[in-house]
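> Compact mmCIF, C-alpha atoms and all ligand atoms, file target_30.txt:
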# COMPACT_ATOMS: atom_id res chain seq x y z
CA MET N 198 89.56 54.20 118.10
CA ASN N 199 91.15 51.88 115.54
CA LEU N 200 94.88 52.64 115.61
CA PHE N 201 95.31 51.47 111.99
CA ASP N 202 93.14 54.33 110.67
CA SER N 203 95.24 57.36 109.67
CA PRO N 204 93.66 60.87 109.82
CA ASP N 205 92.22 61.98 106.44
CA VAL N 206 94.33 65.16 106.41
CA SER N 207 98.12 65.38 106.84
CA ALA N 208 99.59 67.27 109.83
CA GLU N 209 102.52 68.45 107.66
CA LYS N 210 101.18 71.95 106.91
CA LEU N 211 100.32 72.54 110.56
CA GLN N 212 103.73 71.33 111.71
CA SER N 213 105.60 73.46 109.19
CA THR N 214 103.63 76.56 110.34
CA VAL N 215 104.56 75.79 113.94
CA GLU N 216 108.23 75.13 113.11
CA GLY N 217 108.49 78.32 111.03
CA ALA N 218 106.96 80.34 113.86
CA VAL N 219 109.10 78.84 116.61
CA ASN N 220 112.32 79.11 114.58
CA GLY N 221 111.49 82.74 113.77
CA LEU N 222 111.12 83.52 117.44
CA LYS N 223 114.37 81.71 118.30
CA LEU N 224 116.23 83.64 115.59
CA TYR N 225 114.84 86.96 116.81
CA LYS N 226 115.91 86.19 120.39
CA LEU N 227 119.38 85.14 119.20
CA LEU N 228 119.80 88.31 117.15
CA LYS N 229 118.60 90.56 119.97
CA THR N 230 120.88 88.84 122.48
CA SER N 231 123.85 89.02 120.09
CA ILE N 232 123.29 92.78 119.88
CA GLU N 233 123.02 93.07 123.66
CA LEU N 234 126.19 90.98 124.16
CA GLU N 235 127.88 93.34 121.66
CA ILE N 236 128.93 90.40 119.47
CA PHE N 237 128.78 92.61 116.35
CA ASP N 238 131.13 95.13 118.00
CA ILE N 239 133.61 92.35 118.78
CA LEU N 240 133.31 90.84 115.28
CA THR N 241 134.51 94.09 113.74
CA LYS N 242 137.89 92.38 114.12
CA LYS N 243 138.69 88.75 113.24
CA THR N 244 137.78 86.66 116.30
CA THR N 245 137.94 82.91 116.90
CA CYS N 246 135.22 81.00 118.67
CA ARG N 247 137.50 80.50 121.69
CA GLN N 248 138.37 84.21 121.91
CA LEU N 249 134.69 85.18 121.73
CA SER N 250 133.80 82.54 124.29
CA GLU N 251 136.39 84.01 126.71
CA LYS N 252 135.19 87.59 126.12
CA LEU N 253 131.55 86.68 126.67
CA GLY N 254 132.13 84.15 129.48
CA ILE N 255 129.97 81.63 127.60
CA GLU N 256 130.86 77.99 126.93
CA PRO N 257 132.74 77.54 123.57
CA LEU N 258 130.24 74.97 122.26
CA LEU N 259 127.35 77.39 122.69
CA VAL N 260 129.34 80.21 121.09
CA HIS N 261 130.22 77.88 118.20
CA TYR N 262 126.54 77.31 117.43
CA ILE N 263 125.70 81.01 117.78
CA LEU N 264 128.45 81.91 115.30
CA GLU N 265 127.43 79.19 112.85
CA ILE N 266 123.83 80.46 112.96
CA LEU N 267 125.01 84.03 112.34
CA VAL N 268 126.99 82.75 109.33
CA LYS N 269 123.87 80.94 108.03
CA ILE N 270 121.78 84.13 108.15
CA GLY N 271 124.45 86.29 106.52
CA LEU N 272 125.50 88.24 109.62
CA ALA N 273 128.98 86.73 110.04
CA LYS N 274 131.56 85.19 107.74
CA LYS N 275 134.14 82.55 108.54
CA ASN N 276 137.69 82.46 107.29
CA GLY N 277 139.72 79.52 108.68
CA GLU N 278 139.13 79.59 112.43
CA ALA N 279 138.19 83.27 112.54
CA TYR N 280 134.77 84.91 112.31
CA ARG N 281 134.07 88.48 111.26
CA ASN N 282 131.10 90.75 110.50
CA THR N 283 129.70 90.79 106.99
CA ARG N 284 129.09 94.18 105.34
CA LEU N 285 125.43 93.89 106.42
CA SER N 286 126.17 93.40 110.12
CA GLU N 287 129.07 95.89 110.07
CA ILE N 288 126.76 98.66 108.77
CA TYR N 289 123.54 97.91 110.58
CA LEU N 290 124.47 96.01 113.78
CA ASN N 291 127.75 97.52 114.89
CA SER N 292 126.91 100.02 117.65
CA SER N 293 129.39 102.62 116.38
CA SER N 294 127.94 102.69 112.85
CA ASP N 295 126.02 105.85 111.79
CA TYR N 296 123.45 103.52 110.20
CA LYS N 297 122.97 101.12 113.13
CA ARG N 298 119.50 99.59 113.40
CA THR N 299 119.98 98.02 116.80
CA ASP N 300 117.22 100.00 118.56
CA CYS N 301 114.83 99.17 115.71
CA ILE N 302 115.51 95.48 116.33
CA THR N 303 115.63 95.36 120.13
CA SER N 304 112.56 97.58 120.57
CA LEU N 305 110.37 94.98 118.82
CA GLU N 306 110.53 92.96 122.05
CA GLU N 307 108.11 95.39 123.72
CA ASP N 308 105.24 94.54 121.36
CA LEU N 309 106.22 90.85 121.40
CA SER N 310 105.72 90.89 125.17
CA LEU N 311 102.01 91.56 124.55
CA TRP N 312 101.89 88.20 122.75
CA ASN N 313 103.47 86.35 125.70
CA ASN N 314 100.27 86.59 127.73
CA LEU N 315 97.96 86.72 124.77
CA ALA N 316 94.80 85.64 126.59
CA SER N 317 95.11 88.46 129.12
CA THR N 318 96.14 90.96 126.38
CA LEU N 319 93.01 90.04 124.41
CA LYS N 320 90.72 90.52 127.38
CA GLY N 321 91.84 93.96 128.56
CA LYS N 322 92.80 96.87 126.30
CA ILE N 323 95.98 98.60 127.46
CA VAL N 324 95.99 102.40 127.23
CA LYS N 325 99.32 103.91 126.21
CA LYS N 326 100.02 107.49 127.20
CA ASP N 327 100.99 109.48 124.08
CA GLU N 328 103.56 111.42 126.16
CA ALA N 329 105.23 108.18 127.28
CA PHE N 330 104.99 106.24 124.01
CA PHE N 331 106.10 108.83 121.43
CA PRO N 332 109.43 109.95 123.01
CA ARG N 333 110.54 106.28 122.83
CA ILE N 334 109.23 105.51 119.35
CA VAL N 335 110.88 108.58 117.81
CA GLN N 336 114.29 107.21 118.85
CA VAL N 337 113.57 104.07 116.83
CA MET N 338 112.17 106.07 113.91
CA ALA N 339 115.25 108.30 113.80
CA GLU N 340 117.41 105.19 113.38
CA ASP N 341 114.99 103.62 110.92
CA CYS N 342 114.74 106.55 108.49
CA LEU N 343 118.53 106.77 108.08
CA SER N 344 118.63 103.46 106.19
CA GLY N 345 117.53 105.29 103.02
CA GLU N 346 114.05 106.72 103.43
CA LEU N 347 115.19 110.07 104.82
CA GLN N 348 117.83 110.59 102.11
CA GLU N 349 115.41 109.74 99.26
CA THR N 350 112.62 111.87 100.71
CA VAL N 351 114.78 114.92 101.24
CA LYS N 352 116.35 114.69 97.76
CA LEU N 353 112.90 114.34 96.20
CA ILE N 354 111.46 117.39 97.99
CA ALA N 355 114.61 119.42 97.32
CA SER N 356 114.01 119.02 93.57
CA TYR N 357 110.80 121.11 93.70
CA ASN N 358 111.14 124.81 92.76
CA GLU N 359 108.61 125.67 95.49
CA PHE N 360 110.99 124.14 98.06
CA LYS N 361 114.02 125.85 96.49
CA GLY N 362 112.24 129.20 96.95
CA SER N 363 111.09 128.47 100.53
CA LYS N 364 112.29 130.52 103.48
CA THR N 365 110.39 128.65 106.22
CA LEU N 366 109.46 125.01 106.74
CA LEU N 367 107.23 123.44 109.35
CA ASP N 368 107.86 119.77 110.16
CA LEU N 369 104.49 118.83 111.60
CA ALA N 370 104.72 116.02 114.19
CA GLY N 371 108.40 115.93 113.28
CA GLY N 372 109.41 113.78 116.28
CA HIS N 373 113.20 113.33 116.24
CA GLY N 374 113.51 116.24 113.81
CA MET N 375 115.91 114.37 111.51
CA TYR N 376 113.99 115.41 108.38
CA SER N 377 114.21 119.09 109.39
CA ILE N 378 117.88 118.71 110.23
CA ALA N 379 118.47 117.22 106.77
CA PHE N 380 116.35 119.93 105.03
CA ASN N 381 118.43 122.53 106.84
CA GLN N 382 121.67 120.79 105.80
CA ILE N 383 120.62 120.75 102.14
CA LYS N 384 119.34 124.37 102.31
CA PRO N 385 121.11 126.25 105.14
CA ASP N 386 119.07 129.47 104.64
CA LEU N 387 115.79 127.57 105.32
CA LYS N 388 114.30 128.20 108.76
CA CYS N 389 112.93 124.85 109.96
CA TYR N 390 110.51 124.35 112.86
CA VAL N 391 109.58 120.99 114.38
CA PHE N 392 106.08 120.95 115.91
CA ASP N 393 105.43 118.13 118.38
CA LEU N 394 104.28 117.24 121.88
CA PRO N 395 106.41 118.95 124.57
CA ALA N 396 107.67 115.62 125.99
CA VAL N 397 108.87 114.57 122.52
CA LEU N 398 110.62 117.88 121.86
CA GLU N 399 112.98 117.15 124.76
CA GLU N 400 114.31 114.29 122.58
CA THR N 401 114.20 116.44 119.41
CA SER N 402 116.48 119.01 121.08
CA LYS N 403 119.08 116.30 121.69
CA PHE N 404 119.12 115.36 117.98
CA ILE N 405 119.33 119.05 116.99
CA GLU N 406 122.27 119.53 119.36
CA ASN N 407 124.02 116.36 118.17
CA TYR N 408 123.90 117.54 114.56
CA GLU N 409 124.79 121.14 115.57
CA SER N 410 121.71 122.29 113.69
CA ASN N 411 119.73 125.57 113.77
CA VAL N 412 116.35 123.81 113.64
CA LYS N 413 113.83 125.26 116.12
CA THR N 414 110.99 123.54 118.00
CA ILE N 415 107.35 124.50 118.62
CA PRO N 416 105.56 122.63 121.42
CA GLY N 417 101.90 121.75 120.96
CA ASN N 418 99.14 119.25 120.35
CA PHE N 419 98.01 119.40 116.72
CA TYR N 420 94.45 118.40 117.61
CA THR N 421 93.94 121.36 119.94
CA ASP N 422 96.69 123.95 119.25
CA ASP N 423 97.50 126.12 116.24
CA PHE N 424 100.91 125.67 114.70
CA GLY N 425 101.48 129.22 113.49
CA ASP N 426 101.27 130.60 109.94
CA GLY N 427 103.31 132.05 107.10
CA TYR N 428 105.14 128.81 106.20
CA ASP N 429 106.40 128.25 102.64
CA THR N 430 106.62 124.45 103.05
CA ILE N 431 104.82 122.16 105.48
CA PHE N 432 106.30 118.68 105.71
CA SER N 433 104.72 115.86 107.64
CA SER N 434 105.88 112.27 107.94
CA TYR N 435 103.84 109.45 109.50
CA ASN N 436 101.82 111.96 111.43
CA PRO N 437 98.90 110.28 113.24
CA GLY N 438 96.78 113.24 112.03
CA GLY N 439 98.06 112.91 108.46
CA LYS N 440 94.80 111.49 107.06
CA ASN N 441 92.54 113.70 109.18
CA PRO N 442 90.51 116.50 107.47
CA LYS N 443 90.74 118.89 110.45
CA ILE N 444 94.54 118.73 110.44
CA ALA N 445 94.58 119.24 106.65
CA GLU N 446 92.46 122.40 107.14
CA LYS N 447 94.95 123.69 109.72
CA VAL N 448 97.82 122.98 107.32
CA TYR N 449 95.98 124.92 104.60
CA ARG N 450 95.54 127.93 106.91
CA SER N 451 99.19 127.88 108.06
CA LEU N 452 100.66 127.74 104.55
CA ASN N 453 101.45 130.74 102.33
CA LEU N 454 99.79 130.95 98.91
CA GLY N 455 102.00 129.04 96.47
CA GLY N 456 103.39 126.99 99.38
CA LEU N 457 104.07 123.25 99.34
CA PHE N 458 102.40 120.63 101.54
CA VAL N 459 104.30 117.32 101.59
CA ASN N 460 102.57 114.51 103.44
CA LYS N 461 104.34 111.16 103.82
CA GLN N 462 101.76 108.81 105.13
CA TYR N 463 100.51 105.23 105.38
CA PHE N 464 97.33 104.74 103.37
CA PRO N 465 96.09 101.15 103.69
CA GLU N 466 94.90 99.71 100.38
CA LYS N 467 91.68 97.80 100.02
CA GLY N 468 91.98 94.16 99.00
CA LYS N 469 93.46 90.98 100.28
CA SER N 470 95.39 91.24 103.55
CA SER N 471 98.60 89.24 103.90
CA LEU N 472 99.21 87.14 107.02
CA GLY N 473 101.62 89.86 108.20
CA ASP N 474 98.91 92.54 107.74
CA LEU N 475 96.42 90.51 109.78
CA LEU N 476 98.92 89.94 112.60
CA ASP N 477 99.79 93.67 112.62
CA ASN N 478 96.12 94.69 112.61
CA LEU N 479 95.44 92.36 115.54
CA GLU N 480 98.41 93.77 117.48
CA TRP N 481 97.38 97.37 116.70
CA ASN N 482 94.11 96.67 118.54
CA PHE N 483 95.78 95.34 121.70
CA THR N 484 96.33 98.92 122.86
CA ASN N 485 94.89 102.40 122.53
CA PHE N 486 96.34 105.87 123.05
CA GLY N 487 95.12 108.37 125.61
CA LYS N 488 94.89 111.27 123.11
CA SER N 489 94.73 109.71 119.62
CA ASN N 490 91.85 107.33 118.97
CA LYS N 491 92.93 104.33 116.94
CA ALA N 492 90.75 102.91 114.13
CA ALA N 493 90.54 99.20 113.26
CA LYS N 494 93.54 98.87 110.86
CA ARG N 495 97.18 99.41 111.80
CA PHE N 496 98.36 103.04 111.69
CA THR N 497 94.83 104.34 111.20
CA PHE N 498 92.93 106.69 113.49
CA LYS N 499 89.35 107.85 113.99
CA ASP N 500 88.08 110.16 111.15
CA ASP N 501 90.92 109.09 108.80
CA MET N 502 90.25 109.40 105.07
CA SER N 503 91.33 107.03 102.31
CA LEU N 504 94.00 108.19 99.83
CA GLY N 505 91.34 109.15 97.24
CA GLU N 506 89.17 110.98 99.78
CA TYR N 507 92.18 112.81 101.18
CA MET N 508 93.37 114.00 97.74
CA ASN N 509 89.84 115.20 96.84
CA PHE N 510 89.65 117.01 100.16
CA LEU N 511 92.97 118.76 99.50
CA GLU N 512 91.70 119.92 96.09
CA GLU N 513 88.47 121.22 97.68
CA LEU N 514 90.49 123.16 100.25
CA GLY N 515 92.48 124.98 97.57
CA PHE N 516 95.44 122.70 96.86
CA VAL N 517 96.55 121.14 93.60
CA VAL N 518 97.94 117.66 94.12
CA MET N 519 101.13 117.80 92.05
CA ASP N 520 102.46 114.27 92.59
CA VAL N 521 101.89 111.08 94.58
CA TYR N 522 104.89 108.80 95.05
CA PRO N 523 104.74 105.26 96.43
CA ILE N 524 107.40 104.22 98.94
CA ASN N 525 108.18 100.54 99.04
CA HIS N 526 110.88 100.57 101.65
CA LEU N 527 111.43 97.91 104.18
CA ASN N 528 110.23 99.89 107.12
CA ILE N 529 110.61 98.23 110.51
CA THR N 530 108.47 100.61 112.49
CA PHE N 531 105.65 100.34 110.02
CA GLY N 532 105.56 96.64 109.44
CA THR N 533 107.26 94.91 106.56
CA ARG N 534 106.41 96.39 103.18
CA SER N 535 104.11 99.24 104.02
CA GLU N 536 101.72 101.04 101.71
CA ASP N 537 103.27 104.45 102.20
CA LYS N 538 102.80 107.41 99.88
CA ILE N 539 104.33 110.86 99.58
CA ILE N 540 101.68 113.40 98.51
CA VAL N 541 103.07 116.66 97.16
CA ALA N 542 100.42 119.41 97.01
CA LYS N 543 100.59 123.15 96.32
CA LYS N 544 98.28 125.79 97.80
CA VAL N 545 96.92 127.59 94.73
CA ARG N 546 93.94 129.56 96.14
C1 LIG D 1 105.08 108.01 114.03
S1 LIG D 1 105.89 109.40 114.70
C2 LIG D 1 106.61 110.19 113.28
C3 LIG D 1 107.88 110.93 113.59
C4 LIG D 1 108.61 111.52 112.37
N1 LIG D 1 107.81 112.51 111.70
C5 LIG D 1 109.00 110.43 111.41
O1 LIG D 1 108.42 110.30 110.33
O2 LIG D 1 109.90 109.64 111.71
C6 LIG D 1 104.49 110.39 115.02
C7 LIG D 1 104.83 111.73 115.64
O3 LIG D 1 103.60 112.42 115.87
C8 LIG D 1 103.69 113.08 117.12
N2 LIG D 1 102.35 113.31 117.66
C9 LIG D 1 101.44 112.36 117.98
N3 LIG D 1 100.33 112.94 118.44
C10 LIG D 1 100.55 114.28 118.41
C11 LIG D 1 99.75 115.40 118.76
N4 LIG D 1 98.53 115.24 119.22
N5 LIG D 1 100.29 116.63 118.59
C12 LIG D 1 101.56 116.79 118.11
N6 LIG D 1 102.34 115.76 117.75
C13 LIG D 1 101.84 114.52 117.90
C14 LIG D 1 104.48 112.11 117.96
O4 LIG D 1 105.02 112.69 119.12
C15 LIG D 1 105.54 111.62 116.98
O5 LIG D 1 106.66 112.44 116.98
Could you show the structure in this file as structure tokens?
Ligand SMILES: C[S@@+](CC[C@H](N)C(=O)[O-])C[C@H]1O[C@@H](n2cnc3c(N)ncnc32)[C@H](O)[C@@H]1O


Amino acid sequence: MNLFDSPDVSAEKLQSTVEGAVNGLKLYKLLKTSIELEIFDILTKKTTCRQLSEKLGIEPLLVHYILEILVKIGLAKKNGEAYRNTRLSEIYLNSSSDYKRTDCITSLEEDLSLWNNLASTLKGKIVKKDEAFFPRIVQVMAEDCLSGELQETVKLIASYNEFKGSKTLLDLAGGHGMYSIAFNQIKPDLKCYVFDLPAVLEETSKFIENYESNVKTIPGNFYTDDFGDGYDTIFSSYNPGGKNPKIAEKVYRSLNLGGLFVNKQYFPEKGKSSLGDLLDNLEWNFTNFGKSNKAAKRFTFKDDMSLGEYMNFLEELGFVVMDVYPINHLNITFGTRSEDKIIVAKKVR
């Protein structure tokens, strides 16, 4: 090899990809650890580097760099010698805030751990038990939806006359039950029922109790059990069966004539995938569920229909699709900017 010959392609792009990736991981770890060390609870009040260092039992120089990094990413502000939360960290990272997103952030570590031993993850598919996975994920989703998605969804549905006239609502695969709790708050005479796996409903009951709500629960598996009938509104959000024709048929049978079916759901769009989409799709295939069979793309399952197929199917069943709304929220649980839709359909025959 002649050492005077340079390679014919620069290493700059490769190096910047590596640096971006490694810095991203470092930042995530720093943020997660700051949450675990309760730094954002301490920074509710003005705190100097030395005071924080004493509280945490960590060397002042290290604490100095942590604080300066938090300032750089907009999660702390500095005034003289003192540091304090910004509005962003006060609302979303302080553990006593109603809108805290700390579980959303710390729970991402679990999936990251699958990347730590990537070669072994790639060679053996891990099977997750639905009963073990869902009770944990609904905690994260309860926190996640409170950043705006729940409020917007509930206000939107509440504007429909069919909802205003409803006496009963079924929240199919309702998980934490926060949507039902909110529907019941906005319309106290509405009887709301959350249908979900029995193990998940143990968590749902805690949310219902916390909010002193009258929402009721119905245990069951929507693939194999019926979920009752005579409902005026059926609401379903990110239900793994929400693109499945058999579940749509069951919804049709359970709904009163003139009733509303609201399905908030991820419908992947055809076309170019972003780098984030490809990474998510790869990760989705690291694991499978015991009960629900995953399909190739993230948040998709066996027998799922596309948005167009699903809407046609609803019309064939006897629904009129009244509206389809896009949701472009930043949604942690569902990747970055997900392709979510709210379908509002009415049973007309
Ligand atoms: C992604 S979470 C959505 C939770 C909530 N609706 C929301 O939007 O935040 C999916 C929900 O579907 C429930 N689920 C999954 N498989 C189910 C099944 N076979 N029968 C009933 N519920 C199921 C899970 O327990 C979980 O609560």

> Tell me, in Å to one decimal, how far CA of Lys538 (chain N) is from CA of Pro523 (chain N).

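Computed distance, CA of Lys538 (chain N) to CA of Pro523 (chain N), equals 4.5 Å.
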
> Would you mind reading off the distance between atom N5 of ligand LIG 1 (chain D) and CA of Gly417 (chain N), one decimal, in Å?

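Pair atom N5 of ligand LIG 1 (chain D) / CA of Gly417 (chain N) returns 5.9 Å.
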
> Give me, as JSON, numbers by chain, the set of residues whose atoms come within 6 Å of any atom of ligand LIG 1 (chain D), counting only C-alpha atoms and all ligand atoms.

{"N": [331, 335, 338, 339, 370, 371, 372, 393, 394, 397, 417, 418, 419, 420, 434, 435, 436, 437]}

> Could you tell me how far CA of Gly425 (chain N) lies from CA of Ala355 (chain N), in Å and to one decimal?

23.0 Å

> Between N:Leu311, N:Val324, N:Leu305, N:Leu249, single out the one closest to Thr484 (chain N), counting only C-alpha atoms.

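Looking at the shortest contact to Thr484 (chain N), the residue is N:Val324.
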
> Counting all atoms listed in the file, which of N:Gly515, N:Gly271, N:Gly505, N:Pro416 gets nearest to Phe458 (chain N)?

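Once distances to Phe458 (chain N) are computed over all atoms listed in the file, the minimum belongs to N:Gly515.
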
> Compile the contact shell of Lys384 (chain N) as a list of chain:residue names: residues with an atom at most 12 Å away, counting all atoms listed in the file, same-chain residues fewer than 4 positions apart removed.

N:Val351, N:Lys352, N:Ile354, N:Ala355, N:Ser356, N:Phe360, N:Lys361, N:Gly362, N:Ser363, N:Lys364, N:Thr365, N:Leu366, N:Ser377, N:Ile378, N:Ala379, N:Phe380, N:Lys388, N:Cys389, N:Ser410, N:Asn411, N:Val412

> Name the closest residue to Ile431 (chain N) among the candidates N:Lys223, N:Arg450, N:Arg281, N:Lys252; distances are taken between atoms, counting only C-alpha atoms.

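Smallest distance to Ile431 (chain N) is found for N:Arg450.
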
> Which one is closest to Thr318 (chain N): N:Thr245, N:Leu353, N:Asn482, N:Glu506? Count only C-alpha atoms.

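For Thr318 (chain N), the nearest of the candidates is N:Asn482.
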
> What would the file be for region 498-523 of chain N if you keep C-alpha atoms and write it as a short mmCIF file (atom, residue, chain, number, x, y, z; two decimals), in the first residue's frame?


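The resulting file, decode-v3.cif, is reproduced below:
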data_model
loop_
_atom_site.label_atom_id
_atom_site.label_comp_id
_atom_site.auth_asym_id
_atom_site.auth_seq_id
_atom_site.Cartn_x
_atom_site.Cartn_y
_atom_site.Cartn_z
CA PHE N 498 -50.74 -7.26 12.68
CA LYS N 499 -51.74 -10.28 10.62
CA ASP N 500 -54.91 -9.70 8.49
CA ASP N 501 -54.66 -5.89 8.87
CA MET N 502 -56.26 -3.79 6.13
CA SER N 503 -54.97 -0.55 4.63
CA LEU N 504 -56.86 2.69 5.36
CA GLY N 505 -58.72 2.49 2.01
CA GLU N 506 -59.60 -1.19 2.43
CA TYR N 507 -60.76 -0.60 6.00
CA MET N 508 -63.04 2.32 5.03
CA ASN N 509 -64.56 0.30 2.15
CA PHE N 510 -65.11 -2.60 4.53
CA LEU N 511 -66.90 -0.34 7.02
CA GLU N 512 -69.20 0.93 4.24
CA GLU N 513 -69.94 -2.67 3.15
CA LEU N 514 -70.83 -3.60 6.73
CA GLY N 515 -73.42 -0.82 7.00
CA PHE N 516 -71.46 2.21 8.19
CA VAL N 517 -71.10 5.62 6.60
CA VAL N 518 -67.62 7.03 7.09
CA MET N 519 -68.40 10.59 8.21
CA ASP N 520 -64.87 11.96 8.65
CA VAL N 521 -61.20 10.95 8.68
CA TYR N 522 -58.83 13.19 10.63
CA PRO N 523 -55.04 12.98 10.49
#
